[in-house]
Amino acid sequence: MSFRTLQVIPILRIFSVEKAKEFYLDYAGFKLDWEHRFDDNAPLFMQVSRDGLVVQLSEHYGDGTPGSVFFVSFEGVRELHAELCAKNYGYWRPGVDKTFWGTPQLTLHDPFGNRLMLGEPRPASSAPGQV
């Protein structure tokens, strides 16, 4: 039997719904897809998305580890950087770095220590580990 990956959706741990929404929705430009609580006093589990990138955010103990990192092959790094800089966000002003294969990369640190690394795709002519 063979399998086919349809989509990878990271689950990131959060500790404040307000801070998560401020960062992911207001600053990073994601849209809220849905929210779920088992009851009024239960932790929140929500999904946000932007331009095909889907992220789930969870207050549940054991869902994700603070300080998680994931890399997204992403076109439009410089345009996103300009958009985020124009917001003049008080808690994070990212720069554009280069991946080890030479393409631009933007790293976003959320308020919970998670890192979203958005990098332009590797050129087809370069093998892993080569520039």
# chains A, B, ... in the order shown; residues from 1 in each chain; ligands from 1

call {"tool": "residues_around", "arguments": {"residues": "Asp110 in chain A", "least_positions_apart": "4", "cutoff": "12 Å", "atoms": "only C-alpha atoms", "output": "PyMOL selection string"}}
result
chain A and resi 12-16+19-25+27-28+57+66-69+91-94+114-117

call {"tool": "write_last_selection", "arguments": {"atoms": "N, CA and C atoms", "output": "PDB file, in the first residue's frame"}}
result
ATOM      1  N   LEU A  12       0.780  24.279  17.219  1.00  0.00           N
ATOM      2  CA  LEU A  12       1.671  25.056  18.085  1.00  0.00           C
ATOM      3  C   LEU A  12       0.975  25.362  19.404  1.00  0.00           C
ATOM      4  N   ARG A  13       1.729  25.278  20.476  1.00  0.00           N
ATOM      5  CA  ARG A  13       1.197  25.553  21.813  1.00  0.00           C
ATOM      6  C   ARG A  13       1.136  27.056  22.023  1.00  0.00           C
ATOM      7  N   ILE A  14       0.019  27.517  22.588  1.00  0.00           N
ATOM      8  CA  ILE A  14      -0.160  28.933  22.947  1.00  0.00           C
ATOM      9  C   ILE A  14      -0.585  29.003  24.408  1.00  0.00           C
ATOM     10  N   PHE A  15      -0.396  30.167  25.021  1.00  0.00           N
ATOM     11  CA  PHE A  15      -0.750  30.349  26.422  1.00  0.00           C
ATOM     12  C   PHE A  15      -1.698  31.523  26.632  1.00  0.00           C
ATOM     13  N   SER A  16      -1.988  32.254  25.577  1.00  0.00           N
ATOM     14  CA  SER A  16      -2.896  33.401  25.660  1.00  0.00           C
ATOM     15  C   SER A  16      -3.620  33.530  24.327  1.00  0.00           C
ATOM     16  N   LYS A  19      -3.069  37.127  22.919  1.00  0.00           N
ATOM     17  CA  LYS A  19      -1.755  37.335  22.296  1.00  0.00           C
ATOM     18  C   LYS A  19      -1.642  36.554  20.984  1.00  0.00           C
ATOM     19  N   ALA A  20      -2.196  35.347  20.952  1.00  0.00           N
ATOM     20  CA  ALA A  20      -2.161  34.546  19.724  1.00  0.00           C
ATOM     21  C   ALA A  20      -2.914  35.253  18.605  1.00  0.00           C
ATOM     22  N   LYS A  21      -4.088  35.771  18.907  1.00  0.00           N
ATOM     23  CA  LYS A  21      -4.872  36.463  17.878  1.00  0.00           C
ATOM     24  C   LYS A  21      -4.196  37.760  17.454  1.00  0.00           C
ATOM     25  N   GLU A  22      -3.609  38.482  18.408  1.00  0.00           N
ATOM     26  CA  GLU A  22      -2.894  39.715  18.058  1.00  0.00           C
ATOM     27  C   GLU A  22      -1.759  39.416  17.089  1.00  0.00           C
ATOM     28  N   PHE A  23      -0.998  38.352  17.363  1.00  0.00           N
ATOM     29  CA  PHE A  23       0.140  38.021  16.513  1.00  0.00           C
ATOM     30  C   PHE A  23      -0.300  37.411  15.188  1.00  0.00           C
ATOM     31  N   TYR A  24      -1.054  36.325  15.240  1.00  0.00           N
ATOM     32  CA  TYR A  24      -1.365  35.581  14.016  1.00  0.00           C
ATOM     33  C   TYR A  24      -2.381  36.297  13.127  1.00  0.00           C
ATOM     34  N   LEU A  25      -3.402  36.907  13.710  1.00  0.00           N
ATOM     35  CA  LEU A  25      -4.442  37.544  12.896  1.00  0.00           C
ATOM     36  C   LEU A  25      -4.095  38.987  12.563  1.00  0.00           C
ATOM     37  N   TYR A  27      -1.209  40.864  13.210  1.00  0.00           N
ATOM     38  CA  TYR A  27       0.118  41.161  12.689  1.00  0.00           C
ATOM     39  C   TYR A  27       0.472  40.319  11.459  1.00  0.00           C
ATOM     40  N   ALA A  28       0.424  39.002  11.579  1.00  0.00           N
ATOM     41  CA  ALA A  28       0.914  38.134  10.509  1.00  0.00           C
ATOM     42  C   ALA A  28      -0.093  37.948   9.370  1.00  0.00           C
ATOM     43  N   LEU A  57      -3.479  26.163  16.568  1.00  0.00           N
ATOM     44  CA  LEU A  57      -2.961  26.743  17.806  1.00  0.00           C
ATOM     45  C   LEU A  57      -3.753  26.162  18.971  1.00  0.00           C
ATOM     46  N   PRO A  66       6.319  24.488  23.509  1.00  0.00           N
ATOM     47  CA  PRO A  66       6.760  25.873  23.290  1.00  0.00           C
ATOM     48  C   PRO A  66       8.176  25.877  22.722  1.00  0.00           C
ATOM     49  N   GLY A  67       8.404  26.727  21.753  1.00  0.00           N
ATOM     50  CA  GLY A  67       9.713  26.812  21.119  1.00  0.00           C
ATOM     51  C   GLY A  67       9.842  25.920  19.901  1.00  0.00           C
ATOM     52  N   SER A  68       8.739  25.430  19.373  1.00  0.00           N
ATOM     53  CA  SER A  68       8.779  24.602  18.167  1.00  0.00           C
ATOM     54  C   SER A  68       9.194  25.445  16.958  1.00  0.00           C
ATOM     55  N   VAL A  69       9.769  24.775  15.966  1.00  0.00           N
ATOM     56  CA  VAL A  69      10.236  25.428  14.749  1.00  0.00           C
ATOM     57  C   VAL A  69       9.710  24.640  13.562  1.00  0.00           C
ATOM     58  N   TYR A  91       6.280  44.379  18.939  1.00  0.00           N
ATOM     59  CA  TYR A  91       6.955  43.257  19.575  1.00  0.00           C
ATOM     60  C   TYR A  91       7.897  42.489  18.662  1.00  0.00           C
ATOM     61  N   TRP A  92       7.845  42.720  17.354  1.00  0.00           N
ATOM     62  CA  TRP A  92       8.711  41.966  16.466  1.00  0.00           C
ATOM     63  C   TRP A  92       8.892  42.719  15.157  1.00  0.00           C
ATOM     64  N   ARG A  93      10.125  42.905  14.761  1.00  0.00           N
ATOM     65  CA  ARG A  93      10.462  43.518  13.478  1.00  0.00           C
ATOM     66  C   ARG A  93      11.476  42.618  12.788  1.00  0.00           C
ATOM     67  N   PRO A  94      11.002  41.644  12.028  1.00  0.00           N
ATOM     68  CA  PRO A  94      11.915  40.661  11.444  1.00  0.00           C
ATOM     69  C   PRO A  94      12.743  41.235  10.303  1.00  0.00           C
ATOM     70  N   ASN A 114       7.580  30.033  19.520  1.00  0.00           N
ATOM     71  CA  ASN A 114       7.568  29.229  18.300  1.00  0.00           C
ATOM     72  C   ASN A 114       8.149  30.039  17.148  1.00  0.00           C
ATOM     73  N   ARG A 115       8.839  29.351  16.221  1.00  0.00           N
ATOM     74  CA  ARG A 115       9.440  30.020  15.065  1.00  0.00           C
ATOM     75  C   ARG A 115       8.857  29.474  13.781  1.00  0.00           C
ATOM     76  N   LEU A 116       8.389  30.376  12.940  1.00  0.00           N
ATOM     77  CA  LEU A 116       7.908  30.043  11.603  1.00  0.00           C
ATOM     78  C   LEU A 116       8.956  30.557  10.628  1.00  0.00           C
ATOM     79  N   MET A 117       9.661  29.655   9.984  1.00  0.00           N
ATOM     80  CA  MET A 117      10.717  30.018   9.043  1.00  0.00           C
ATOM     81  C   MET A 117      10.141  29.922   7.634  1.00  0.00           C
TER      82      MET A 117
END

call {"tool": "select_by_dssp", "arguments": {"residues": "chain A", "states": "alpha helix (DSSP H)", "output": "ChimeraX atom specification"}}
result
/A:17-21,77-86

call {"tool": "residues_around", "arguments": {"residues": "Phe74 in chain A", "least_positions_apart": "5", "cutoff": "6 Å", "atoms": "only C-alpha atoms", "output": "ChimeraX atom specification"}}
result
/A:118-120

call {"tool": "write_last_selection", "arguments": {"atoms": "N, CA and C atoms", "output": "PDB file, in the first residue's frame"}}
result
ATOM      1  N   LEU A 118      10.023  31.063   6.968  1.00  0.00           N
ATOM      2  CA  LEU A 118       9.442  31.134   5.630  1.00  0.00           C
ATOM      3  C   LEU A 118      10.555  31.428   4.647  1.00  0.00           C
ATOM      4  N   GLY A 119      10.890  30.459   3.809  1.00  0.00           N
ATOM      5  CA  GLY A 119      12.012  30.618   2.893  1.00  0.00           C
ATOM      6  C   GLY A 119      11.632  30.333   1.459  1.00  0.00           C
ATOM      7  N   GLU A 120      12.220  31.103   0.558  1.00  0.00           N
ATOM      8  CA  GLU A 120      12.004  30.869  -0.867  1.00  0.00           C
ATOM      9  C   GLU A 120      12.514  29.471  -1.211  1.00  0.00           C
TER      10      GLU A 120
END

call {"tool": "atom_distance", "arguments": {"atom1": "CA of Leu32 in chain A", "atom2": "CA of Met46 in chain A"}}
result
7.7 Å

call {"tool": "select_by_dssp", "arguments": {"residues": "chain A", "states": "strand (DSSP E)", "output": "PyMOL selection string"}}
result
chain A and resi 11-13+31-36+45-50+53-58+69-73+96-98+104-109+115-119

call {"tool": "residues_around", "arguments": {"residues": "range 52-54 of chain A", "least_positions_apart": "6", "cutoff": "10 Å", "atoms": "only C-alpha atoms", "output": "list in words"}}
result
Gln7, Val8, Ile9, Pro10, Ile11, Phe30, Lys31, Asp33, Val72, Ser73 and Phe74 of chain A

call {"tool": "atom_distance", "arguments": {"atom1": "CA of Val17 in chain A", "atom2": "CA of Glu83 in chain A"}}
result
23.5 Å

call {"tool": "atom_distance", "arguments": {"atom1": "CA of Leu80 in chain A", "atom2": "CA of Gly64 in chain A"}}
result
25.9 Å

call {"tool": "residues_around", "arguments": {"residues": "range 40-45 of chain A", "least_positions_apart": "4", "cutoff": "7 Å", "atoms": "only C-alpha atoms", "output": "MDAnalysis selection string"}}
result
chainID A and resid 35:36 57:60

call {"tool": "write_last_selection", "arguments": {"atoms": "C-alpha atoms", "output": "compact mmCIF listing (two decimals), in the first residue's frame"}}
result
# COMPACT_ATOMS: atom_id res chain seq x y z
CA GLU A 35 -12.25 27.78 17.14
CA HIS A 36 -13.20 24.88 19.42
CA LEU A 57 -2.96 26.74 17.81
CA SER A 58 -3.72 25.00 21.08
CA GLU A 59 -3.95 25.91 24.75
CA HIS A 60 -4.23 22.18 25.59

call {"tool": "closest_residue", "arguments": {"among": "A:Lys87, A:Val96, A:Leu106, A:His81", "to": "Asp26 in chain A", "atoms": "only C-alpha atoms"}}
result
A:Lys87

call {"tool": "decode", "arguments": {"residues": "range 10-22 of chain A", "atoms": "N, CA and C atoms", "output": "compact mmCIF listing (two decimals), in the first residue's frame"}}
result
# COMPACT_ATOMS: atom_id res chain seq x y z
N PRO A 10 0.99 21.99 11.22
CA PRO A 10 1.62 22.01 12.54
C PRO A 10 0.63 22.46 13.61
N ILE A 11 0.80 21.91 14.81
CA ILE A 11 0.03 22.34 15.99
C ILE A 11 1.02 23.01 16.92
N LEU A 12 0.78 24.28 17.22
CA LEU A 12 1.67 25.06 18.09
C LEU A 12 0.98 25.36 19.40
N ARG A 13 1.73 25.28 20.48
CA ARG A 13 1.20 25.55 21.81
C ARG A 13 1.14 27.06 22.02
N ILE A 14 0.02 27.52 22.59
CA ILE A 14 -0.16 28.93 22.95
C ILE A 14 -0.58 29.00 24.41
N PHE A 15 -0.40 30.17 25.02
CA PHE A 15 -0.75 30.35 26.42
C PHE A 15 -1.70 31.52 26.63
N SER A 16 -1.99 32.25 25.58
CA SER A 16 -2.90 33.40 25.66
C SER A 16 -3.62 33.53 24.33
N VAL A 17 -4.92 33.38 24.37
CA VAL A 17 -5.72 33.52 23.15
C VAL A 17 -5.58 34.93 22.59
N GLU A 18 -5.59 35.93 23.47
CA GLU A 18 -5.50 37.32 23.03
C GLU A 18 -4.18 37.59 22.32
N LYS A 19 -3.07 37.13 22.92
CA LYS A 19 -1.76 37.33 22.30
C LYS A 19 -1.64 36.55 20.98
N ALA A 20 -2.20 35.35 20.95
CA ALA A 20 -2.16 34.55 19.72
C ALA A 20 -2.91 35.25 18.60
N LYS A 21 -4.09 35.77 18.91
CA LYS A 21 -4.87 36.46 17.88
C LYS A 21 -4.20 37.76 17.45
N GLU A 22 -3.61 38.48 18.41
CA GLU A 22 -2.89 39.72 18.06
C GLU A 22 -1.76 39.42 17.09
